$ cat entry-v8.cif   # mmCIF, C-alpha atoms
data_work
#
loop_
_atom_site.label_atom_id
_atom_site.label_comp_id
_atom_site.auth_asym_id
_atom_site.auth_seq_id
_atom_site.Cartn_x
_atom_site.Cartn_y
_atom_site.Cartn_z
CA MET A 111 -1.36 -105.14 -79.17
CA ASN A 112 -3.07 -108.56 -79.11
CA LEU A 113 -2.93 -111.28 -76.44
CA LYS A 114 -0.13 -113.19 -78.21
CA SER A 115 2.13 -110.14 -78.13
CA TYR A 116 1.40 -109.70 -74.40
CA ARG A 117 2.27 -113.37 -73.82
CA ASN A 118 5.64 -112.96 -75.57
CA LEU A 119 6.34 -109.86 -73.50
CA PHE A 120 5.58 -111.78 -70.29
CA ILE A 121 7.88 -114.63 -71.36
CA VAL A 122 10.77 -112.21 -72.03
CA ILE A 123 10.28 -110.43 -68.69
CA THR A 124 10.13 -113.80 -66.88
CA LEU A 125 13.36 -114.95 -68.56
CA ILE A 126 15.19 -111.73 -67.62
CA LEU A 127 14.07 -111.97 -63.99
CA THR A 128 15.04 -115.66 -63.93
CA LEU A 129 18.53 -114.85 -65.17
CA ILE A 130 18.90 -112.15 -62.51
CA ALA A 131 17.79 -114.58 -59.80
CA ALA A 132 20.16 -117.30 -61.07
CA SER A 133 23.17 -114.99 -61.54
CA PRO A 134 24.77 -115.65 -58.10
CA ALA A 135 24.79 -119.39 -58.79
CA LEU A 136 25.94 -118.88 -62.40
CA ALA A 137 28.81 -116.67 -61.20
CA THR A 138 30.21 -119.49 -59.07
CA VAL A 139 30.22 -121.84 -62.05
CA ILE A 140 31.26 -119.50 -64.86
CA SER A 141 34.54 -117.66 -64.23
CA PHE A 142 35.33 -114.43 -66.01
CA GLN A 143 39.13 -114.54 -66.18
CA GLY A 144 41.55 -112.58 -68.32
CA GLY A 145 39.98 -109.23 -67.59
CA SER A 146 42.77 -107.80 -65.44
CA GLU A 147 46.42 -107.54 -66.35
CA GLN A 148 48.90 -109.21 -63.98
CA PHE A 149 51.96 -107.12 -63.18
CA SER A 150 54.22 -105.81 -60.44
CA GLU A 151 55.24 -102.23 -59.75
CA PHE A 152 58.80 -101.53 -58.62
CA TRP A 153 60.25 -98.15 -57.73
CA LEU A 154 62.83 -96.20 -55.75
CA LEU A 155 62.14 -93.16 -53.58
CA GLY A 156 64.46 -90.57 -52.11
CA PRO A 157 65.37 -90.06 -48.44
CA GLU A 158 62.06 -88.29 -47.64
CA HIS A 159 60.11 -91.20 -49.16
CA VAL A 160 59.14 -89.09 -52.16
CA ALA A 161 60.44 -89.15 -55.72
CA GLU A 162 63.03 -86.40 -55.29
CA ASN A 163 66.45 -85.70 -53.76
CA TYR A 164 67.90 -89.00 -54.94
CA PRO A 165 71.58 -89.34 -54.07
CA PHE A 166 73.74 -88.45 -57.07
CA ASN A 167 77.03 -86.87 -56.00
CA VAL A 168 78.39 -89.34 -53.47
CA SER A 169 81.66 -89.60 -51.58
CA THR A 170 83.39 -92.06 -49.32
CA GLY A 171 82.54 -92.01 -45.62
CA GLU A 172 79.02 -90.66 -46.17
CA MET A 173 75.83 -92.73 -45.84
CA TYR A 174 72.83 -92.25 -48.14
CA ASN A 175 69.20 -93.22 -47.65
CA ILE A 176 66.67 -94.32 -50.23
CA PHE A 177 63.58 -96.52 -50.23
CA VAL A 178 62.83 -99.49 -52.44
CA ASP A 179 59.14 -100.34 -52.88
CA LEU A 180 57.08 -102.79 -54.84
CA ALA A 181 53.39 -103.44 -55.38
CA ASN A 182 51.85 -106.78 -56.23
CA HIS A 183 49.08 -106.85 -58.87
CA MET A 184 49.56 -110.50 -59.84
CA ASP A 185 46.13 -111.64 -58.57
CA ARG A 186 47.80 -113.78 -55.89
CA SER A 187 50.50 -113.60 -53.23
CA GLU A 188 54.01 -113.48 -54.65
CA TYR A 189 57.46 -114.46 -53.43
CA TYR A 190 59.82 -111.73 -54.67
CA LEU A 191 63.58 -111.59 -54.62
CA VAL A 192 65.09 -108.10 -54.84
CA GLN A 193 68.77 -108.24 -55.74
CA VAL A 194 71.00 -105.24 -55.13
CA LYS A 195 74.00 -104.94 -57.45
CA PHE A 196 76.83 -102.43 -57.77
CA GLY A 197 79.10 -101.80 -60.73
CA ASN A 198 80.07 -99.42 -63.49
CA SER A 199 77.92 -98.48 -66.48
CA THR A 200 79.38 -101.31 -68.58
CA GLN A 201 78.52 -103.92 -65.96
CA LEU A 202 75.03 -102.58 -65.20
CA ASP A 203 72.92 -100.93 -67.88
CA PHE A 204 69.46 -100.74 -66.21
CA ASP A 205 68.02 -102.83 -69.03
CA SER A 206 64.68 -104.27 -67.92
CA SER A 207 64.74 -107.02 -70.51
CA LYS A 208 67.61 -108.91 -68.88
CA PRO A 209 69.26 -109.09 -65.46
CA GLY A 210 72.77 -107.75 -64.88
CA SER A 211 75.61 -110.25 -65.05
CA LEU A 212 77.06 -109.24 -61.67
CA SER A 213 76.46 -111.26 -58.52
CA PRO A 214 74.06 -109.64 -56.07
CA LEU A 215 75.51 -107.96 -53.01
CA TYR A 216 72.37 -107.78 -50.96
CA GLU A 217 69.01 -109.52 -51.21
CA PHE A 218 65.50 -108.93 -49.97
CA ARG A 219 63.28 -112.02 -49.92
CA VAL A 220 59.71 -110.85 -49.47
CA PHE A 221 56.26 -112.39 -49.63
CA VAL A 222 53.69 -109.81 -50.72
CA GLY A 223 49.94 -110.41 -50.69
CA ASP A 224 47.80 -109.58 -53.72
CA GLU A 225 47.30 -105.80 -54.08
CA ASP A 226 49.68 -105.22 -51.15
CA VAL A 227 52.67 -102.89 -51.16
CA TRP A 228 56.06 -103.70 -49.65
CA GLY A 229 58.84 -101.23 -48.97
CA SER A 230 62.14 -101.08 -47.18
CA PRO A 231 64.69 -98.36 -46.40
CA VAL A 232 68.11 -98.87 -47.91
CA THR A 233 71.15 -97.15 -46.46
CA PHE A 234 74.30 -97.33 -48.51
CA GLY A 235 77.81 -95.94 -48.52
CA PHE A 236 81.30 -96.64 -49.80
CA GLN A 237 84.73 -97.17 -48.29
CA ASN A 238 88.23 -97.87 -49.55
CA VAL A 239 87.83 -95.77 -52.66
CA SER A 240 91.10 -95.17 -54.49
CA ILE A 241 92.36 -93.73 -57.76
CA LYS A 242 95.02 -95.38 -59.84
CA ASP A 243 97.11 -94.22 -62.75
CA VAL A 244 96.44 -96.98 -65.26
CA VAL A 245 98.85 -95.69 -67.89
CA HIS A 246 101.85 -95.55 -65.59
CA SER A 247 100.60 -98.38 -63.33
CA ALA A 248 100.98 -96.32 -60.20
CA ASP A 249 98.78 -96.33 -57.12
CA ASN A 250 99.79 -92.83 -56.16
CA VAL A 251 98.43 -90.38 -58.69
CA THR A 252 100.33 -87.14 -59.07
CA MET A 253 98.83 -83.84 -60.09
CA ASN A 254 100.45 -84.07 -63.51
CA VAL A 255 98.59 -87.19 -64.62
CA PRO A 256 95.73 -86.47 -67.07
CA ILE A 257 92.36 -87.42 -65.61
CA GLU A 258 91.66 -89.66 -68.63
CA ASP A 259 94.50 -91.95 -67.48
CA VAL A 260 93.01 -92.40 -64.03
CA VAL A 261 90.71 -95.17 -62.83
CA LEU A 262 88.60 -94.84 -59.71
CA SER A 263 88.10 -98.08 -57.75
CA VAL A 264 85.67 -98.96 -55.00
CA ASP A 265 86.65 -101.87 -52.75
CA ASP A 266 83.74 -101.90 -50.29
CA VAL A 267 80.06 -101.09 -50.50
CA ILE A 268 78.08 -100.80 -47.27
CA ILE A 269 74.40 -101.68 -47.53
CA ASN A 270 72.16 -101.56 -44.45
CA GLY A 271 75.19 -101.85 -42.17
CA MET A 272 76.75 -104.81 -43.94
CA VAL A 273 80.07 -104.44 -45.72
CA PHE A 274 80.36 -106.08 -49.14
CA PRO A 275 83.75 -106.33 -50.85
CA VAL A 276 83.40 -105.42 -54.54
CA ASP A 277 85.72 -105.20 -57.50
CA ALA A 278 84.34 -102.14 -59.24
CA SER A 279 86.26 -99.49 -61.09
CA THR A 280 85.46 -96.86 -63.65
CA SER A 281 87.38 -94.46 -65.82
CA TRP A 282 86.68 -90.78 -66.40
CA ASP A 283 83.48 -90.07 -68.34
CA SER A 284 84.53 -87.03 -70.37
CA GLU A 285 81.04 -86.57 -71.83
CA ASN A 286 79.36 -86.22 -68.43
CA SER A 287 82.48 -85.09 -66.53
CA GLY A 288 82.61 -87.61 -63.72
CA PHE A 289 83.42 -91.08 -62.39
CA TYR A 290 80.10 -92.87 -62.59
CA PHE A 291 78.91 -96.05 -60.87
CA ARG A 292 75.50 -97.66 -60.71
CA LEU A 293 73.52 -99.16 -57.87
CA SER A 294 70.79 -101.33 -59.31
CA PHE A 295 67.82 -103.18 -57.87
CA GLU A 296 66.50 -106.14 -59.86
CA LEU A 297 63.14 -107.77 -59.25
CA TRP A 298 62.87 -111.55 -59.44
CA ARG A 299 59.95 -113.78 -58.50
CA TYR A 300 59.66 -117.40 -57.53
CA ASP A 301 57.77 -119.42 -60.13
CA VAL A 302 55.96 -122.28 -58.41
CA ALA A 303 55.38 -124.15 -61.69
CA LEU A 304 59.06 -123.97 -62.71
CA LYS A 305 60.28 -124.29 -59.11
CA SER A 306 62.88 -121.59 -59.70
CA TYR A 307 63.39 -117.84 -59.57
CA SER A 308 62.75 -115.96 -62.78
CA PHE A 309 63.70 -112.39 -63.66
CA HIS A 310 60.58 -110.24 -63.51
CA ASN A 311 61.70 -107.63 -66.08
CA ARG A 312 61.95 -104.84 -63.55
CA VAL A 313 65.17 -102.92 -62.87
CA VAL A 314 65.47 -99.64 -61.02
CA GLY A 315 68.67 -97.95 -59.98
CA LEU A 316 70.77 -94.92 -59.28
CA GLN A 317 73.55 -93.38 -61.29
CA LEU A 318 76.18 -92.20 -58.80
CA ASN A 319 78.91 -89.66 -59.46
CA MET A 320 81.91 -90.41 -57.26
CA THR A 321 84.06 -87.52 -58.45
CA GLY A 322 83.86 -85.98 -54.97
CA SER A 323 85.61 -89.01 -53.49
CA MET B 139 119.23 -144.62 -36.87
CA THR B 140 115.92 -144.83 -35.06
CA SER B 141 115.22 -141.19 -35.86
CA TRP B 142 114.63 -141.94 -39.58
CA PRO B 143 111.32 -143.83 -39.13
CA LYS B 144 110.15 -141.08 -36.74
CA LEU B 145 111.01 -138.41 -39.30
CA LEU B 146 109.22 -140.40 -41.98
CA MET B 147 106.13 -140.73 -39.81
CA ILE B 148 106.10 -137.02 -38.98
CA SER B 149 106.47 -136.18 -42.69
CA ALA B 150 103.65 -138.55 -43.53
CA LEU B 151 101.47 -136.93 -40.85
CA PHE B 152 102.19 -133.45 -42.23
CA PHE B 153 101.34 -134.70 -45.72
CA LEU B 154 98.08 -136.20 -44.50
CA LEU B 155 97.20 -132.98 -42.68
CA GLN B 156 97.80 -130.93 -45.79
CA VAL B 157 95.66 -133.22 -47.88
CA SER B 158 92.86 -133.51 -45.33
CA ILE B 159 92.34 -129.80 -44.55
CA PRO B 160 91.09 -128.80 -48.04
CA TRP B 161 89.04 -131.98 -48.11
CA VAL B 162 87.39 -131.08 -44.80
CA THR B 163 86.76 -127.52 -46.07
CA ALA B 164 85.26 -128.81 -49.29
CA SER B 165 83.12 -131.27 -47.38
CA ASN B 166 81.96 -128.47 -45.06
CA ALA B 167 81.03 -126.32 -48.09
CA ASN B 168 79.01 -129.22 -49.48
CA VAL B 169 77.21 -129.58 -46.16
CA VAL B 170 76.38 -125.85 -46.11
CA THR B 171 75.17 -126.01 -49.74
CA GLY B 172 73.00 -128.97 -48.78
CA VAL B 173 71.59 -127.00 -45.86
CA PHE B 174 70.68 -124.13 -48.20
CA ILE B 175 69.02 -126.46 -50.69
CA GLU B 176 67.01 -128.04 -47.88
CA THR B 177 66.08 -124.63 -46.42
CA GLU B 178 64.98 -123.30 -49.83
CA GLU B 179 62.88 -126.43 -50.39
CA VAL B 180 61.18 -126.00 -47.00
CA LEU B 181 60.42 -122.35 -47.79
CA HIS B 182 59.20 -123.08 -51.33
CA SER B 183 56.93 -125.92 -50.30
CA ALA B 184 55.43 -123.75 -47.53
CA TYR B 185 54.86 -120.96 -50.08
CA ALA B 186 53.20 -123.38 -52.52
CA ALA B 187 50.87 -124.57 -49.74
CA VAL B 188 50.04 -120.95 -48.84
CA LEU B 189 49.18 -120.26 -52.48
CA ASP B 190 46.86 -123.29 -52.56
CA ALA B 191 45.16 -122.05 -49.39
CA GLU B 192 44.80 -118.57 -50.88
CA ARG B 193 43.30 -120.01 -54.08
CA ALA B 194 40.76 -121.87 -51.94
CA GLY B 195 39.72 -118.53 -50.45
CA ALA B 196 41.59 -118.59 -47.12
CA ASN B 197 43.03 -115.46 -45.50
CA VAL B 198 46.78 -116.14 -45.55
CA SER B 199 48.13 -112.79 -44.33
CA VAL B 200 49.38 -114.25 -41.01
CA LEU B 201 51.20 -117.04 -42.84
CA LEU B 202 52.77 -114.51 -45.24
CA ASP B 203 54.13 -112.56 -42.24
CA ARG B 204 55.85 -115.71 -41.00
CA LEU B 205 57.25 -116.47 -44.44
CA ASN B 206 58.59 -112.89 -44.60
CA LEU B 207 60.48 -113.46 -41.35
CA ALA B 208 61.85 -116.70 -42.78
CA GLY B 209 62.88 -114.83 -45.95
CA GLU B 210 64.80 -112.28 -43.89
CA TYR B 211 66.70 -115.06 -42.13
CA LEU B 212 67.49 -116.74 -45.44
CA SER B 213 68.85 -113.49 -46.92
CA GLU B 214 71.01 -113.12 -43.82
CA ALA B 215 72.19 -116.72 -44.17
CA TYR B 216 73.25 -116.11 -47.78
CA PHE B 217 75.11 -112.96 -46.74
CA TRP B 218 77.16 -114.86 -44.15
CA TYR B 219 77.72 -117.74 -46.55
CA ARG B 220 79.14 -115.37 -49.17
CA SER B 221 81.23 -113.72 -46.47
CA GLY B 222 82.79 -117.12 -45.74
CA ASP B 223 81.21 -117.59 -42.30
CA SER B 224 79.56 -120.99 -42.76
CA GLU B 225 78.73 -121.38 -39.08
CA THR B 226 76.65 -118.18 -38.88
CA ALA B 227 75.14 -118.98 -42.29
CA ASN B 228 74.08 -122.36 -40.93
CA ARG B 229 72.59 -120.75 -37.83
CA PHE B 230 70.49 -118.31 -39.91
CA ALA B 231 69.39 -121.11 -42.25
CA GLY B 232 68.22 -122.97 -39.14
CA LEU B 233 66.35 -119.87 -37.94
CA CYS B 234 64.70 -119.69 -41.38
CA ARG B 235 63.50 -123.29 -41.11
CA ASP B 236 62.25 -122.60 -37.56
CA ALA B 237 60.35 -119.52 -38.78
CA VAL B 238 58.71 -121.55 -41.56
CA GLY B 239 57.92 -124.19 -38.91
CA ASN B 240 54.42 -125.46 -39.33
CA VAL B 241 53.34 -122.99 -42.03
CA ARG B 242 52.82 -125.76 -44.58
CA ASN B 243 50.52 -127.79 -42.31
CA GLU B 244 48.64 -124.69 -41.18
CA ALA B 245 48.17 -123.67 -44.81
CA VAL B 246 46.74 -127.12 -45.60
CA GLU B 247 44.35 -126.81 -42.63
CA LEU B 248 43.31 -123.33 -43.75
CA MET B 249 42.78 -124.62 -47.28
CA ASP B 250 40.56 -127.48 -46.07
CA ALA B 251 38.53 -125.08 -43.91
CA ALA B 252 38.22 -122.59 -46.78
CA LYS B 253 37.15 -125.36 -49.18
CA ALA B 254 34.50 -126.61 -46.73
CA ALA B 255 33.22 -123.05 -46.22
CA GLY B 256 33.28 -122.50 -49.99
CA ASP B 257 31.31 -125.70 -50.64
CA ALA B 258 28.69 -124.75 -48.02
CA GLU B 259 28.42 -121.28 -49.53
CA PHE B 260 28.08 -122.75 -53.02
CA VAL B 261 25.23 -125.05 -51.94
CA GLU B 262 23.51 -122.15 -50.18
CA THR B 263 23.89 -119.88 -53.23
CA VAL B 264 22.57 -122.54 -55.63
CA PHE B 265 19.64 -123.30 -53.31
CA GLU B 266 18.76 -119.59 -53.03
CA SER B 267 18.98 -119.16 -56.80
CA ILE B 268 16.72 -122.16 -57.44
CA VAL B 269 14.14 -120.87 -54.94
CA GLY B 270 14.37 -117.42 -56.52
CA VAL B 271 13.84 -118.81 -60.03
CA ILE B 272 10.81 -120.89 -58.90
CA VAL B 273 9.25 -117.89 -57.12
CA ILE B 274 9.75 -115.68 -60.19
CA VAL B 275 8.38 -118.24 -62.66
CA VAL B 276 5.31 -118.98 -60.50
CA SER B 277 4.72 -115.26 -59.79
CA CYS B 278 4.98 -114.35 -63.46
CA TYR B 279 2.63 -117.19 -64.39
CA VAL B 280 0.05 -116.06 -61.82
CA VAL B 281 0.37 -112.44 -63.00
CA TRP B 282 -0.04 -113.66 -66.56
CA LEU B 283 -3.22 -115.59 -65.71
CA ILE B 284 -4.70 -112.58 -63.93
CA PHE B 285 -3.72 -110.30 -66.81
CA LYS B 286 -5.17 -112.72 -69.38
CA ARG B 287 -8.48 -112.97 -67.52
CA ARG B 288 -8.79 -109.19 -67.20
CA TYR B 289 -7.79 -108.71 -70.83
CA ARG B 290 -10.40 -111.16 -72.11
CA ARG B 291 -13.07 -109.67 -69.85
CA GLN B 292 -12.19 -106.26 -71.17
CA VAL B 293 -12.23 -107.43 -74.79
CA LEU B 294 -15.40 -109.51 -74.41
CA GLY B 295 -17.02 -106.65 -72.55
CA LEU B 296 -16.73 -104.49 -75.59
CA LYS B 297 -20.02 -104.17 -77.50
CA PRO B 298 -19.42 -103.66 -81.14
CA GLU B 299 -21.91 -101.25 -82.72
CA VAL B 300 -23.01 -101.66 -86.27
CA GLY B 301 -23.04 -98.39 -87.98
CA SER B 302 -25.98 -97.50 -90.18
CA SER B 303 -25.26 -96.65 -93.77
CA GLU B 304 -28.44 -94.67 -94.00
CA SER B 305 -28.05 -91.01 -93.40
#

$ encode --input "entry-v8.cif" --output "structure tokens"
Amino acid sequence: MNLKSYRNLFIVITLILTLIAASPALATVISFQGGSEQFSEFWLLGPEHVAENYPFNVSTGEMYNIFVDLANHMDRSEYYLVQVKFGNSTQLDFDSSKPGSLSPLYEFRVFVGDEDVWGSPVTFGFQNVSIKDVVHSADNVTMNVPIEDVVLSVDDVIINGMVFPVDASTSWDSENSGFYFRLSFELWRYDVALKSYSFHNRVVGLQLNMTGS
Amino acid sequence: MTSWPKLLMISALFFLLQVSIPWVTASNANVVTGVFIETEEVLHSAYAAVLDAERAGANVSVLLDRLNLAGEYLSEAYFWYRSGDSETANRFAGLCRDAVGNVRNEAVELMDAAKAAGDAEFVETVFESIVGVIVIVVSCYVVWLIFKRRYRRQVLGLKPEVGSSES
């Protein structure tokens, strides 16, 4: 190895050390964005705050507890709007690509810091549940009426102590043997640039069998 | 005979009452809608200011707590509005605006403070980097000079021997 080779080696080492010394200042000027994905997590938990024992067979007069939680990974604080909706399987299909057409019954408006988690208990129940004979247009259903001719209607949904009048009814689901309704939670967020709420492509919900009512 | 004008007046009054009640209700609904628009705007502008402060590097967790309280009041206000109780809805919308209060101004203050702190930190970082670079360049140059001198001394110190071809 001659002197010229040693000189080149010294120059390379000096440049590397210089870059290391200048890296704090360079980091403030050069931003490395686009590395992390921006998203929100949204989930429901059962009454023990774990993912089990979700209410399924429900009846009038009983109250049921679940938890709705969300986590913010949007790299900034977010203003979320959680809309609670109730309807039958035709009205609510748990499709995350579009929000349900029904008006929300209950709303949570929450501001969640970046990488923070928000959660809230939700207590719900039903009242004024009735069955109607749709073929014979009678409110009082006799034992002789086939179950396929019967429609089960819910007039009131109670969420966190507040009573919400609803117009929800469902007919007998012969495939799954039950009268099924859905309680859905949609996640929206406030878009500062658009100055409006936009659906955040997150829907979670419960399928509820009201045959016991 | 005098009873006819009285009857006419009473009828006219009834007619006016009938016409005015829906008008008053509609006007009241418009007022409530206006209150909601105003409340939402107050909340949104406070949130935008908090985001600016956060982007500048400020800790906004306290402000977010206050906005959360305001959000709860607004949800409650919408519930009462949908239930047809405009008065309670109005009261909760007012509570929401009170909860937002000075959040916007405080966020602006936090943002200014964070920007000033950020600028000072930037200057300090750049200064430290420049000093570091100078120290490294000078040190390397000195090491190079010392190395070069020792290398030459070593090379010049070598005494080449001429081998004899005679055996």

$ closest_atom_pairs --input "entry-v8.cif" --of "chain A" --to "chain B" --cutoff "9 Å" --atoms "all atoms listed in the file" --output "JSON lines"
{"residue": "A:Leu113", "atom": "CA", "partner": "B:Lys286", "partner_atom": "CA", "distance": 7.5}
{"residue": "A:Tyr116", "atom": "CA", "partner": "B:Lys286", "partner_atom": "CA", "distance": 8.8}
{"residue": "A:Arg117", "atom": "CA", "partner": "B:Trp282", "partner_atom": "CA", "distance": 7.6}
{"residue": "A:Phe120", "atom": "CA", "partner": "B:Trp282", "partner_atom": "CA", "distance": 7.0}
{"residue": "A:Ile121", "atom": "CA", "partner": "B:Cys278", "partner_atom": "CA", "distance": 8.4}
{"residue": "A:Ile123", "atom": "CA", "partner": "B:Cys278", "partner_atom": "CA", "distance": 8.4}
{"residue": "A:Thr124", "atom": "CA", "partner": "B:Cys278", "partner_atom": "CA", "distance": 6.2}
{"residue": "A:Leu125", "atom": "CA", "partner": "B:Val275", "partner_atom": "CA", "distance": 8.4}
{"residue": "A:Leu127", "atom": "CA", "partner": "B:Ile274", "partner_atom": "CA", "distance": 6.8}
{"residue": "A:Thr128", "atom": "CA", "partner": "B:Val271", "partner_atom": "CA", "distance": 5.2}
{"residue": "A:Leu129", "atom": "CA", "partner": "B:Val271", "partner_atom": "CA", "distance": 8.0}
{"residue": "A:Ile130", "atom": "CA", "partner": "B:Val271", "partner_atom": "CA", "distance": 8.7}
{"residue": "A:Ala131", "atom": "CA", "partner": "B:Gly270", "partner_atom": "CA", "distance": 5.5}
{"residue": "A:Ala132", "atom": "CA", "partner": "B:Ser267", "partner_atom": "CA", "distance": 4.8}
{"residue": "A:Ser133", "atom": "CA", "partner": "B:Ser267", "partner_atom": "CA", "distance": 7.6}
{"residue": "A:Pro134", "atom": "CA", "partner": "B:Thr263", "partner_atom": "CA", "distance": 6.5}
{"residue": "A:Ala135", "atom": "CA", "partner": "B:Val264", "partner_atom": "CA", "distance": 5.0}
{"residue": "A:Leu136", "atom": "CA", "partner": "B:Val264", "partner_atom": "CA", "distance": 8.4}
{"residue": "A:Thr138", "atom": "CA", "partner": "B:Phe260", "partner_atom": "CA", "distance": 7.2}
{"residue": "A:Arg186", "atom": "CA", "partner": "B:Leu189", "partner_atom": "CA", "distance": 7.5}
{"residue": "A:Ser187", "atom": "CA", "partner": "B:Leu189", "partner_atom": "CA", "distance": 6.8}
{"residue": "A:Glu188", "atom": "CA", "partner": "B:Leu189", "partner_atom": "CA", "distance": 8.6}
{"residue": "A:Tyr189", "atom": "CA", "partner": "B:Tyr185", "partner_atom": "CA", "distance": 7.8}
{"residue": "A:Leu215", "atom": "CA", "partner": "B:Phe217", "partner_atom": "CA", "distance": 8.0}
{"residue": "A:Tyr216", "atom": "CA", "partner": "B:Phe217", "partner_atom": "CA", "distance": 7.2}
{"residue": "A:Glu217", "atom": "CA", "partner": "B:Ser213", "partner_atom": "CA", "distance": 5.8}
{"residue": "A:Phe218", "atom": "CA", "partner": "B:Ser213", "partner_atom": "CA", "distance": 6.4}
{"residue": "A:Arg219", "atom": "CA", "partner": "B:Gly209", "partner_atom": "CA", "distance": 4.9}
{"residue": "A:Val220", "atom": "CA", "partner": "B:Asn206", "partner_atom": "CA", "distance": 5.4}
{"residue": "A:Phe221", "atom": "CA", "partner": "B:Asn206", "partner_atom": "CA", "distance": 5.6}
{"residue": "A:Val222", "atom": "CA", "partner": "B:Leu202", "partner_atom": "CA", "distance": 7.3}
{"residue": "A:Gly223", "atom": "CA", "partner": "B:Ser199", "partner_atom": "CA", "distance": 7.0}
{"residue": "A:Met272", "atom": "CA", "partner": "B:Phe217", "partner_atom": "CA", "distance": 8.8}
{"residue": "A:Phe274", "atom": "CA", "partner": "B:Ser221", "partner_atom": "CA", "distance": 8.1}
{"residue": "A:Pro275", "atom": "CA", "partner": "B:Ser221", "partner_atom": "CA", "distance": 9.0}
{"residue": "A:Tyr300", "atom": "CA", "partner": "B:His182", "partner_atom": "CA", "distance": 8.4}
{"residue": "A:Val302", "atom": "CA", "partner": "B:Ala186", "partner_atom": "CA", "distance": 6.6}
{"residue": "A:Lys305", "atom": "CA", "partner": "B:His182", "partner_atom": "CA", "distance": 7.9}

$ atom_distance --input "entry-v8.cif" --atom1 "atom CA of Phe230 of chain B" --atom2 "atom CA of Arg242 of chain B"
19.7 Å

$ closest_residue --input "entry-v8.cif" --among "A:Val192, A:Val239, A:Leu180, A:Ile126" --to "Ser150 of chain A" --atoms "all atoms listed in the file"
A:Leu180

$ atom_distance --input "entry-v8.cif" --atom1 "atom CA of Phe234 of chain A" --atom2 "atom CA of Asn270 of chain A"
6.2 Å

$ resolve_selection --input "entry-v8.cif" --expression "the PyMOL selection byres ((chain B and resi 174) around 10)" --output "list in words"
Asn168, Val169, Val170, Thr171, Gly172, Val173, Ile175, Glu176, Thr177, Glu178, Glu179, Val180, Leu212, Ala215, Tyr216, Tyr219, Ala227, Asn228, Ala231 and Gly232 of chain B

$ atom_distance --input "entry-v8.cif" --atom1 "atom CA of Gln317 of chain A" --atom2 "atom CA of Pro214 of chain A"
17.1 Å

$ residues_around --input "entry-v8.cif" --residues "Phe289 of chain A" --least-positions-apart "5" --cutoff "10 Å" --atoms "all atoms listed in the file" --output "PyMOL selection string"
chain A and resi 167+198+260-263+279-284+318-323

$ residues_around --input "entry-v8.cif" --residues "segment 161-165 of chain A" --least-positions-apart "2" --cutoff "12 Å" --atoms "all atoms listed in the file" --output "VMD selection string"
chain A and resid 153 to 159 167 to 169 172 to 179 232 to 235 292 to 293 315 to 320

$ residues_near_point --input "entry-v8.cif" --point "(65.2, -108.4, -60.0)" --cutoff "10 Å" --atoms "all atoms listed in the file" --output "list in words"
Phe152, Tyr190, Leu191, Val192, Gln193, Val194, Lys195, Ser206, Lys208, Pro209, Gly210, Pro214, Glu217, Ser294, Phe295, Glu296, Leu297, Trp298, Arg299, Tyr307, Ser308, Phe309, His310, Asn311, Arg312, Val313 and Val314 of chain A
